[in-house]
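One structure is given here, and the rest of the page talks about it.
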Amino acid sequence: DADLRQVGKNTLWVASEQIQSGLSRLTQATALPIVSLDDRYLSADNRLGISRGVDTQLDDTGYVPRVGYPSIETQLAQLSGLGREVVVADDVVFSGEMLAWLADRLALRSVKIGGVVCGIAIREGIEKLNAMGIGVEAMQTFEEVEDELCERDFAVVLGSGRRIADLDTNALYFDPE
């Protein structure tokens with residue numbers, strides 16, 4: 001926090017307990033099946049283990065399954081059995097890109113994302129999803145942020161970092177710029 005403030009950044013900390021309680025409250029308010037993209041803040045029966053991937057040169061490889069999960073296609077096929085409409089839960093909705101991609105992939109299987117619930121949402125992501133007809137409910141919203149950091153960005157725990165597809169593992173890395 002002090003280092004970020006020294007370089008002119010304004011920081012705001014959101015406790016994990018706030019995200020947990022917000023996600024719990026928001027998911028209890030729906031009768032639709034919940035599909036969780038988060039494996040830290042929400043206990044859910046239906047999970048989708050998806051991450052942004054990089055290759056060994058740290059170039060983007062698109063969306064890949066998290067370590068320990070089957071292929072994305074296998075996971076999507078399993079979710080298709082939940083019904084025609086689901087609610088997706090995640091800790092943070094930033095740009096909405098991954099959820100928009102997921103909505104398109106599920107639509108190919110005749111499954112609609114009936115809504116998104118999250119701990120934190122950024123206006124850009126909300127607007128992208130709203131334009132697709134997907135409502136977003138968040139515990140806390142922000143008009144804009146420069147970046148978001150999570151404790152997993154600084155700890156080597158299962159699921160932290162980026163998935164390195166060629167090595168079938170996750171790793172932490174930092175952009176020196």
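How things are named: the first chain in the structure tokens is A, the next is B, and so on; residues count from 1 in each chain; ligands count from 1 in the order shown.
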Filtered DSSP result for chain A, state strand (DSSP E), as a ChimeraX atom specification: /A:34-36,46-47,50-54,60-65,85-93,112-122,136-142,162-164,169-171
Per residue of range 16-41 of chain A within 9 Å of range 75-92 of chain A, record the nearest atom pair and its distance in Å to one decimal, counting only C-alpha atoms, with rows in chain order and ascending residue number, as a tab-separated table.
```
residue	atom	partner	partner_atom	distance
A:Ile19	CA	A:Asp91	CA	6.9
A:Gln20	CA	A:Asp91	CA	8.5
A:Leu23	CA	A:Ala89	CA	7.4
A:Leu26	CA	A:Ala89	CA	8.9
A:Thr27	CA	A:Ala89	CA	7.6
A:Thr30	CA	A:Val87	CA	8.0
A:Leu32	CA	A:Val86	CA	5.5
A:Pro33	CA	A:Val86	CA	5.1
A:Ile34	CA	A:Val87	CA	5.0
A:Val35	CA	A:Val88	CA	4.8
A:Ser36	CA	A:Ala89	CA	4.7
A:Leu37	CA	A:Asp90	CA	5.1
A:Asp38	CA	A:Asp90	CA	5.1
A:Asp39	CA	A:Asp90	CA	8.8
A:Arg40	CA	A:Asp91	CA	8.4
A:Tyr41	CA	A:Asp91	CA	7.0
```
Among the residues of range 3-175 of chain A, find those DSSP assigns to alpha helix (DSSP H) from the backbone and print them as a PyMOL selection string. chain A and resi 3-6+16-28+72-79+97-107+123-131
Skipping near chain neighbours, those fewer than 6 positions away, what residues fall within 7 Å of range 96-99 of chain A using only C-alpha atoms, listed as a PyMOL selection string? chain A and resi 125-126+128-129
From the list A:Thr11, A:Gly114, A:Glu124, A:Asp45, the nearest residue to Ser95 in chain A using only C-alpha atoms is A:Glu124
So what do you get for CA of Ser16 in chain A versus CA of Gly68 in chain A, distance-wise? 23.7 Å
From the set A:Val54, A:Leu48, A:Val7, A:Ala100, which residue has the shortest atom-to-atom contact distance to Ala131 in chain A, counting only C-alpha atoms?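 For Ala131 in chain A, the nearest of the given residues is A:Ala100.
Remark: for Arg109 in chain A, the closest of the candidate residues A:Glu143, A:Gln57, A:Gly62, A:Glu73 is A:Glu73 (distances computed over only C-alpha atoms).
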By how many Å are CA of Pro65 in chain A and CA of Ile50 in chain A apart?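 Pair CA of Pro65 in chain A / CA of Ile50 in chain A returns 4.5 Å.
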